[in-house]
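To be precise, the following lines are final-v6.tsv, and they hold TSV, C-alpha atoms and all ligand atoms.
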```
chain	number	residue	atom	x	y	z
A	18	MET	CA	111.25	106.14	81.97
A	19	ASP	CA	113.58	103.45	80.76
A	20	ASN	CA	111.97	100.35	79.27
A	21	VAL	CA	114.75	98.25	80.81
A	22	ILE	CA	113.28	98.89	84.25
A	23	GLY	CA	110.09	97.27	83.02
A	24	LEU	CA	112.04	94.06	82.50
A	25	GLU	CA	114.12	94.29	85.66
A	26	ILE	CA	111.11	94.70	87.92
A	27	ILE	CA	109.82	91.33	86.80
A	28	GLU	CA	112.73	89.76	88.61
A	29	VAL	CA	112.14	91.93	91.66
A	30	VAL	CA	108.61	90.59	92.16
A	31	GLU	CA	109.64	87.07	91.15
A	32	GLN	CA	112.37	86.95	93.81
A	33	ALA	CA	110.03	88.25	96.48
A	34	ALA	CA	107.33	85.74	95.51
A	35	ILE	CA	109.73	82.79	95.53
A	36	ALA	CA	111.12	83.73	98.95
A	37	SER	CA	107.66	84.14	100.42
A	38	ALA	CA	106.29	80.97	98.80
A	39	ARG	CA	108.85	78.91	100.70
A	40	LEU	CA	106.92	79.81	103.85
A	41	MET	CA	103.53	79.08	102.31
A	42	GLY	CA	101.24	77.28	104.74
A	43	LYS	CA	103.65	77.54	107.66
A	44	GLY	CA	101.38	79.77	109.70
A	45	ASP	CA	104.14	82.39	109.90
A	46	LYS	CA	102.68	85.61	108.54
A	47	ASN	CA	105.56	87.84	109.67
A	48	GLY	CA	108.15	85.43	108.32
A	49	ALA	CA	106.46	85.27	104.91
A	50	ASP	CA	106.42	89.04	104.81
A	51	HIS	CA	109.99	89.49	106.05
A	52	VAL	CA	111.63	87.20	103.49
A	53	ALA	CA	109.66	88.85	100.69
A	54	VAL	CA	110.84	92.28	101.81
A	55	GLU	CA	114.47	91.14	101.99
A	56	ALA	CA	114.38	89.50	98.57
A	57	MET	CA	112.64	92.45	96.94
A	58	ARG	CA	115.08	94.94	98.39
A	59	LYS	CA	118.12	92.87	97.42
A	60	ARG	CA	117.06	92.57	93.77
A	61	MET	CA	115.93	96.19	93.60
A	62	ASN	CA	119.33	97.36	94.72
A	63	GLN	CA	120.91	95.64	91.72
A	64	ILE	CA	118.99	97.80	89.25
A	65	HIS	CA	120.50	100.81	87.54
A	66	MET	CA	117.95	103.33	88.82
A	67	ARG	CA	117.51	106.07	91.37
A	68	GLY	CA	114.45	105.01	93.27
A	69	ARG	CA	112.67	106.19	96.38
A	70	ILE	CA	110.08	104.19	98.27
A	71	VAL	CA	106.88	106.23	98.60
A	72	ILE	CA	104.65	103.38	99.71
A	73	GLY	CA	106.38	100.65	101.63
A	74	GLU	CA	106.62	98.84	104.86
A	75	GLY	CA	104.98	100.38	107.91
A	76	GLU	CA	104.80	104.14	107.98
A	77	ARG	CA	104.46	104.09	111.77
A	78	ASP	CA	106.45	101.05	112.81
A	79	GLU	CA	109.79	102.33	111.46
A	80	ALA	CA	110.35	99.15	109.47
A	81	PRO	CA	114.04	98.55	108.82
A	82	MET	CA	113.68	97.74	105.12
A	83	LEU	CA	111.76	99.22	102.23
A	84	TYR	CA	110.56	101.91	104.59
A	85	ILE	CA	108.97	105.05	103.22
A	86	GLY	CA	111.72	107.38	102.05
A	87	GLU	CA	114.33	104.64	101.59
A	88	GLU	CA	116.45	105.07	98.49
A	89	VAL	CA	116.91	102.01	96.32
A	90	GLY	CA	118.90	101.20	93.20
A	91	ILE	CA	122.54	101.45	92.16
A	92	CYS	CA	122.18	105.03	90.94
A	93	THR	CA	121.38	106.35	94.42
A	94	GLN	CA	125.09	106.17	95.26
A	95	GLU	CA	126.91	109.49	95.55
A	96	ASP	CA	129.24	108.88	92.61
A	97	ALA	CA	126.40	107.46	90.46
A	98	ALA	CA	127.04	109.91	87.63
A	99	LYS	CA	130.23	107.96	86.87
A	100	PHE	CA	128.45	104.71	86.08
A	101	CYS	CA	124.79	105.58	85.43
A	102	ASN	CA	123.48	107.18	82.26
A	103	PRO	CA	121.27	110.33	82.43
A	104	ASP	CA	118.08	108.29	82.07
A	105	GLU	CA	119.02	106.12	85.01
A	106	LEU	CA	119.77	109.20	87.12
A	107	LEU	CA	116.19	110.46	86.89
A	108	GLU	CA	114.45	110.07	90.23
A	109	ILE	CA	111.62	107.56	90.31
A	110	ASP	CA	109.02	106.77	92.95
A	111	ILE	CA	108.21	103.23	93.93
A	112	ALA	CA	105.23	101.74	95.77
A	113	VAL	CA	105.79	98.23	97.08
A	114	ASP	CA	103.87	95.49	98.79
A	115	PRO	CA	106.37	92.60	98.82
A	116	CYS	CA	103.79	90.23	100.26
A	117	GLU	CA	100.25	91.36	99.52
A	118	GLY	CA	98.13	88.91	101.47
A	119	THR	CA	100.48	87.76	104.24
A	120	ASN	CA	97.66	85.80	105.90
A	121	LEU	CA	96.91	84.09	102.60
A	122	VAL	CA	100.52	82.91	102.34
A	123	ALA	CA	100.69	81.87	105.98
A	124	TYR	CA	97.55	79.74	105.66
A	125	GLY	CA	98.13	78.47	102.14
A	126	GLN	CA	95.16	80.31	100.64
A	127	ASN	CA	94.71	81.74	97.16
A	128	GLY	CA	95.26	85.32	96.05
A	129	SER	CA	98.62	86.49	97.43
A	130	MET	CA	101.23	88.25	95.31
A	131	ALA	CA	104.44	90.27	95.43
A	132	VAL	CA	103.64	93.61	93.85
A	133	LEU	CA	105.04	97.05	93.05
A	134	ALA	CA	104.31	100.14	90.98
A	135	ILE	CA	106.77	102.70	89.61
A	136	SER	CA	106.44	106.19	88.22
A	137	GLU	CA	108.44	109.39	87.87
A	138	LYS	CA	109.10	111.40	91.02
A	139	GLY	CA	105.77	112.63	92.36
A	140	GLY	CA	103.85	110.29	90.06
A	141	LEU	CA	102.31	108.14	92.80
A	142	PHE	CA	100.09	109.42	95.61
A	143	ALA	CA	101.98	108.96	98.87
A	144	ALA	CA	99.00	107.57	100.73
A	145	PRO	CA	99.13	107.40	104.52
A	146	ASP	CA	98.63	103.99	106.13
A	147	PHE	CA	94.92	104.74	106.44
A	148	TYR	CA	91.98	102.90	104.96
A	149	MET	CA	90.42	103.65	101.61
A	150	LYS	CA	86.93	103.16	100.26
A	151	LYS	CA	87.37	101.68	96.80
A	152	LEU	CA	85.37	101.12	93.66
A	153	ALA	CA	86.88	99.15	90.79
A	154	ALA	CA	85.09	98.14	87.62
A	155	PRO	CA	85.83	97.20	83.98
A	156	ALA	CA	86.88	99.83	81.41
A	157	VAL	CA	83.44	99.77	79.81
A	158	ALA	CA	81.96	101.20	83.02
A	159	LYS	CA	84.68	103.80	83.52
A	160	ASN	CA	83.28	107.19	84.58
A	161	HIS	CA	79.76	105.74	84.55
A	162	VAL	CA	79.90	104.04	87.94
A	163	ASP	CA	80.72	106.41	90.77
A	164	ILE	CA	81.84	105.82	94.34
A	165	ASN	CA	79.42	108.57	95.48
A	166	LYS	CA	76.49	106.54	94.21
A	167	SER	CA	74.92	103.68	96.16
A	168	ALA	CA	75.90	100.09	95.44
A	169	THR	CA	72.41	99.53	94.05
A	170	GLU	CA	72.76	102.40	91.57
A	171	ASN	CA	76.24	101.29	90.54
A	172	LEU	CA	75.09	97.73	89.93
A	173	LYS	CA	72.34	99.01	87.64
A	174	ILE	CA	74.88	101.15	85.74
A	175	LEU	CA	77.34	98.25	85.57
A	176	SER	CA	74.61	95.99	84.28
A	177	ASP	CA	73.78	98.47	81.49
A	178	CYS	CA	77.43	99.10	80.57
A	179	MET	CA	78.30	95.42	80.50
A	180	ASN	CA	75.06	94.34	78.87
A	181	ARG	CA	74.60	91.67	81.52
A	182	SER	CA	71.87	91.26	84.08
A	183	ILE	CA	72.40	92.43	87.66
A	184	GLU	CA	72.10	88.78	88.70
A	185	ASP	CA	75.07	87.93	86.51
A	186	LEU	CA	77.36	90.40	88.23
A	187	VAL	CA	79.90	89.26	90.82
A	188	VAL	CA	81.17	91.83	93.32
A	189	VAL	CA	84.22	91.22	95.50
A	190	VAL	CA	83.98	92.57	99.02
A	191	MET	CA	86.39	92.07	101.91
A	192	ASP	CA	84.82	89.91	104.58
A	193	ARG	CA	84.73	92.45	107.40
A	194	PRO	CA	82.05	93.56	109.88
A	195	ARG	CA	82.21	97.06	108.38
A	196	HIS	CA	80.76	95.67	105.15
A	197	LYS	CA	77.64	94.07	106.64
A	198	ASP	CA	75.25	96.64	105.14
A	199	LEU	CA	77.11	96.80	101.83
A	200	ILE	CA	76.94	93.02	101.42
A	201	ASN	CA	73.21	93.02	102.21
A	202	GLU	CA	72.61	95.81	99.72
A	203	ILE	CA	74.46	94.02	96.90
A	204	ARG	CA	72.59	90.79	97.58
A	205	THR	CA	69.25	92.58	97.77
A	206	ALA	CA	69.97	94.26	94.43
A	207	GLY	CA	70.33	90.75	92.98
A	208	SER	CA	74.08	90.48	92.41
A	209	ARG	CA	76.36	87.86	93.84
A	210	VAL	CA	79.08	88.58	96.37
A	211	ARG	CA	82.49	87.02	96.54
A	212	LEU	CA	83.86	87.50	100.02
A	213	ILE	CA	87.62	87.59	100.42
A	214	SER	CA	89.57	87.49	103.67
A	215	ASP	CA	92.53	89.46	102.24
A	216	GLY	CA	94.07	90.62	98.98
A	217	ASP	CA	92.02	93.41	97.47
A	218	VAL	CA	94.75	94.40	94.97
A	219	SER	CA	94.15	91.21	93.03
A	220	ALA	CA	90.39	91.77	93.20
A	221	ALA	CA	90.63	95.34	91.92
A	222	ILE	CA	92.83	94.49	88.96
A	223	SER	CA	90.75	91.44	88.09
A	224	CYS	CA	87.88	93.80	87.21
A	225	ALA	CA	89.88	95.05	84.22
A	226	PHE	CA	90.12	91.58	82.67
A	227	SER	CA	87.06	89.85	81.30
A	228	GLY	CA	87.00	86.15	82.00
A	229	THR	CA	87.86	86.56	85.68
A	230	ASN	CA	84.17	86.55	86.66
A	231	ILE	CA	84.88	89.54	88.89
A	232	HIS	CA	82.96	92.63	87.80
A	233	ALA	CA	83.49	95.05	90.65
A	234	LEU	CA	85.34	95.60	93.90
A	235	MET	CA	83.44	97.56	96.53
A	236	GLY	CA	84.18	98.47	100.12
A	237	ILE	CA	87.03	99.52	102.35
A	238	GLY	CA	90.60	98.17	102.27
A	239	ALA	CA	93.99	99.69	102.90
A	240	ALA	CA	94.97	102.99	101.24
A	241	PRO	CA	98.51	101.99	100.12
A	242	GLU	CA	97.03	98.97	98.32
A	243	GLY	CA	94.56	101.39	96.72
A	244	VAL	CA	97.39	103.36	95.12
A	245	ILE	CA	99.05	100.20	93.80
A	246	SER	CA	95.73	99.00	92.38
A	247	ALA	CA	95.13	102.42	90.83
A	248	ALA	CA	98.50	102.31	89.06
A	249	ALA	CA	97.55	99.07	87.34
A	250	MET	CA	94.00	100.19	86.59
A	251	ARG	CA	95.17	103.47	85.13
A	252	ALA	CA	97.46	101.66	82.70
A	253	LEU	CA	94.76	99.11	81.89
A	254	GLY	CA	92.07	101.75	81.39
A	255	GLY	CA	89.80	100.28	84.05
A	256	HIS	CA	87.70	102.23	86.50
A	257	PHE	CA	89.18	102.92	89.94
A	258	GLN	CA	88.19	105.45	92.57
A	259	GLY	CA	89.40	105.75	96.14
A	260	GLN	CA	88.46	107.89	99.11
A	261	LEU	CA	90.54	107.97	102.30
A	262	ILE	CA	88.79	106.74	105.42
A	263	TYR	CA	90.09	108.43	108.56
A	264	ASP	CA	87.28	107.75	111.03
A	265	PRO	CA	87.95	104.64	113.19
A	266	GLU	CA	84.18	104.33	113.72
A	267	VAL	CA	83.67	103.62	110.01
A	268	VAL	CA	86.31	100.90	109.89
A	269	LYS	CA	85.09	99.17	113.05
A	270	THR	CA	88.12	96.86	113.27
A	271	GLY	CA	91.80	97.29	112.65
A	272	LEU	CA	94.34	99.98	113.47
A	273	ILE	CA	93.63	103.42	112.12
A	274	GLY	CA	95.33	105.95	114.34
A	275	GLU	CA	94.13	107.40	117.59
A	276	SER	CA	90.99	109.31	116.77
A	277	ARG	CA	89.09	110.91	113.92
A	278	GLU	CA	90.46	114.32	114.89
A	279	GLY	CA	94.02	113.01	115.28
A	280	ASN	CA	93.82	111.40	111.87
A	281	LEU	CA	92.45	114.57	110.29
A	282	ASN	CA	95.37	116.53	111.78
A	283	ARG	CA	97.78	114.00	110.40
A	284	LEU	CA	96.29	114.34	106.93
A	285	GLU	CA	96.59	118.11	107.16
A	286	GLU	CA	100.25	117.78	108.16
A	287	MET	CA	100.73	115.72	105.03
A	288	GLY	CA	99.22	118.50	102.94
A	289	ILE	CA	95.89	116.73	102.41
A	290	ASN	CA	93.37	119.45	103.20
A	291	ASP	CA	90.33	117.88	101.62
A	292	ALA	CA	90.19	114.63	103.58
A	293	ASP	CA	87.01	113.50	101.83
A	294	LYS	CA	88.27	113.95	98.30
A	295	VAL	CA	87.48	111.16	95.86
A	296	TYR	CA	90.57	110.27	93.83
A	297	ASP	CA	90.43	108.56	90.47
A	298	ALA	CA	93.14	106.28	89.08
A	299	HIS	CA	94.83	109.17	87.24
A	300	GLU	CA	95.12	111.16	90.45
A	301	LEU	CA	96.47	108.28	92.51
A	302	ALA	CA	98.94	107.36	89.76
A	303	SER	CA	99.45	110.67	87.99
A	304	GLY	CA	102.92	110.21	86.49
A	305	GLU	CA	103.48	110.34	82.77
A	306	THR	CA	104.62	106.75	82.85
A	307	VAL	CA	103.37	104.09	85.19
A	308	LEU	CA	104.78	100.59	85.46
A	309	PHE	CA	103.24	97.80	87.50
A	310	ALA	CA	104.55	94.32	88.24
A	311	ALA	CA	103.12	91.47	90.28
A	312	CYS	CA	104.07	87.83	90.75
A	313	GLY	CA	101.71	85.24	92.22
A	314	ILE	CA	102.85	83.73	95.52
A	315	THR	CA	99.83	81.46	95.96
A	316	PRO	CA	97.50	80.78	92.99
A	317	GLY	CA	95.13	83.59	92.13
A	318	THR	CA	92.61	84.84	89.61
A	319	LEU	CA	95.27	86.55	87.50
A	320	MET	CA	98.40	84.51	88.04
A	321	GLN	CA	99.48	81.07	89.09
A	322	GLY	CA	101.41	80.73	92.33
A	323	VAL	CA	105.05	79.71	92.71
A	324	ARG	CA	105.58	76.05	91.84
A	325	PHE	CA	108.80	74.50	93.17
A	326	PHE	CA	110.40	71.49	91.52
A	327	SER	CA	113.65	69.67	92.11
A	328	GLY	CA	116.33	72.28	91.42
A	329	GLY	CA	114.10	75.18	90.53
A	330	ALA	CA	110.78	76.99	90.54
A	331	ARG	CA	108.28	78.30	88.05
A	332	THR	CA	106.54	81.64	88.46
A	333	GLN	CA	103.90	83.66	86.67
A	334	SER	CA	103.96	87.44	86.69
A	335	LEU	CA	101.94	90.28	85.26
A	336	VAL	CA	103.77	93.38	84.06
A	337	ILE	CA	101.78	96.39	82.92
A	338	SER	CA	103.29	99.42	81.21
A	339	SER	CA	101.58	102.67	80.31
A	340	LEU	CA	104.66	103.39	78.19
A	341	SER	CA	104.45	100.44	75.84
A	342	LYS	CA	100.71	99.96	76.48
A	343	THR	CA	101.19	96.33	77.30
A	344	ALA	CA	100.00	93.85	79.90
A	345	ARG	CA	102.43	90.95	79.77
A	346	PHE	CA	101.92	87.64	81.47
A	347	VAL	CA	105.40	86.30	82.05
A	348	ASP	CA	106.03	82.64	82.71
A	349	THR	CA	109.51	82.03	84.14
A	350	VAL	CA	111.55	78.97	85.00
A	351	HIS	CA	114.10	79.67	87.74
A	352	MET	CA	117.02	77.28	87.90
A	353	PHE	CA	118.58	77.20	91.36
A	354	GLY	CA	121.20	74.56	90.75
A	355	ALA	CA	121.32	71.97	88.02
A	356	PRO	CA	117.72	70.78	87.72
A	357	LYS	CA	117.27	67.19	86.57
A	358	ASN	CA	114.36	68.19	84.34
A	359	ILE	CA	112.41	71.28	83.41
A	360	GLN	CA	108.75	70.71	82.75
A	361	LEU	CA	107.29	72.38	79.67
A	362	HIS	CA	103.97	73.38	81.30
B	401	LIG	O1	94.40	92.00	102.63
B	401	LIG	C1	95.23	92.86	102.66
B	401	LIG	C2	96.38	92.68	103.56
B	401	LIG	O2	97.63	93.14	102.99
B	401	LIG	P1	99.01	92.71	103.68
B	401	LIG	O3	99.04	93.30	105.04
B	401	LIG	O4	100.00	93.35	102.76
B	401	LIG	O5	99.09	91.24	103.69
B	401	LIG	C3	95.04	94.05	101.81
B	401	LIG	O6	94.71	93.63	100.52
B	401	LIG	C4	93.90	94.98	102.29
B	401	LIG	O7	93.75	96.06	101.40
B	401	LIG	C5	94.10	95.69	103.57
B	401	LIG	O8	95.42	95.64	104.01
B	401	LIG	C6	93.10	95.35	104.62
B	401	LIG	O9	91.78	95.56	104.28
B	401	LIG	C7	93.33	96.15	105.88
B	401	LIG	O10	93.29	95.23	106.86
B	401	LIG	P2	91.98	94.95	107.76
B	401	LIG	O11	92.07	95.90	108.89
B	401	LIG	O12	92.15	93.53	108.18
B	401	LIG	O13	90.77	95.12	106.91
B	402	MN	MN	98.93	94.34	101.31
B	403	MN	MN	102.11	93.23	102.59
```
This structure in structure tokens:
Amino acid sequence: MDNVIGLEIIEVVEQAAIASARLMGKGDKNGADHVAVEAMRKRMNQIHMRGRIVIGEGERDEAPMLYIGEEVGICTQEDAAKFCNPDELLEIDIAVDPCEGTNLVAYGQNGSMAVLAISEKGGLFAAPDFYMKKLAAPAVAKNHVDINKSATENLKILSDCMNRSIEDLVVVVMDRPRHKDLINEIRTAGSRVRLISDGDVSAAISCAFSGTNIHALMGIGAAPEGVISAAAMRALGGHFQGQLIYDPEVVKTGLIGESREGNLNRLEEMGINDADKVYDAHELASGETVLFAACGITPGTLMQGVRFFSGGARTQSLVISSLSKTARFVDTVHMFGAPKNIQLH
């Protein structure tokens, strides 16, 4: 995959983040999402690539933009061979979440980002809009912790791998009724819990960086976000496992199809015969090359949020490439007109 795409996608997430950040704190969740989608799609369509959205906006709600199956990029045009080079004509799959944490943006809370992952065709698991049980942990605990083990066992393993006491471990869990027992178990084991209202992509990836004071993500979030997290974790070498959750009884709240049986049928239609399979990061993001880009909308553990100033904005992004084996933090000044001054920091 072309290295140039790695640079172009920075601007894709930056544009989405800037658009969404303008609606920060306005209480308009759908608006914050909509403008991010529009901005992401517009910038994506200026790239010399032949992309296809495999994870995008609403699988069921027939979203008009960045819907699953939508083709994006200049080289999707019929006469593309005339102006695109062979590299650019290779089909690539794209997973997007233009506004990950719409509630966080709407209410001015930390942890939202514009995010996407790219790989060769077939290189990203086309997850249904189901839930996913997730376990993320630092590289040092990779293949030692296991989603099939209890939280108590995993905390003991994590403590050994990280050479830190169980009491010094911080586990992020989404604040949902379905996690009542999990939260109790983690606390009883002696670790500390950081409850988040939204934004488990940020939490998962934070496990791969020491200094974030996040040592694990446990519990159930959305499946598409699981694939995006896995793409980053695969390239970073961190631990990530995911298991689809298709039983509405397990989730307790939220939309998850009609019934357990209906959901199982749907998975079968999609060619997923083993509904209980545990996927690791390499299975969820299996392509030879995986690229990941995120830009903070509101401030977060990994990135700062968008900061507007007179005549411009400053953004911070994270771009991860399995190709160049890099995780770049990119600090960008965007000049909208003729800014009177540009601050150094
Ligand atoms: O918090 C999230 C919301 O994402 P978005 O809709 O793009 O703003 C995600 O990080 C979660 O993974 C997930 O979507 C959530 O757990 C599912 O929602 P819920 O039914 O409220 O738990
Ligand atoms: Mn999301
Ligand atoms: Mn979203």
Contacts of segment 196-204 of chain A at 7 Å or less, counting only C-alpha atoms, minus same-chain residues fewer than 6 places along, as a ChimeraX atom specification?
/A:168-169,210,236
Do you know which residues are within 8 Å of ligand MN 403 (chain B) using only C-alpha atoms and all ligand atoms? Can you write them as a ChimeraX atom specification?
/A:50,74,114-119
Could you save the residues just selected, with C-alpha atoms, as a compact mmCIF listing (two decimals), in the frame of the given file?
```
# COMPACT_ATOMS: atom_id res chain seq x y z
CA ASP A 50 106.42 89.04 104.81
CA GLU A 74 106.62 98.84 104.86
CA ASP A 114 103.87 95.49 98.79
CA PRO A 115 106.37 92.60 98.82
CA CYS A 116 103.79 90.23 100.26
CA GLU A 117 100.25 91.36 99.52
CA GLY A 118 98.13 88.91 101.47
CA THR A 119 100.48 87.76 104.24
```
- Task: For atom CA of Arg67 of chain A and atom CA of Gly90 of chain A, quote the distance in Å rounded to one decimal.
- Result: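 The value is 5.4 Å.
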Write as a PyMOL selection string the residues around ligand MN 402 (chain B), taking 12 Å as the cut-off and counting all atoms listed in the file.
chain A and resi 46+50+72-75+112-122+128-133+146+148+214-219+238-246
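A straight line drawn from atom O4 of ligand LIG 401 (chain B) to atom CA of Val336 of chain A is 19.1 Å long.
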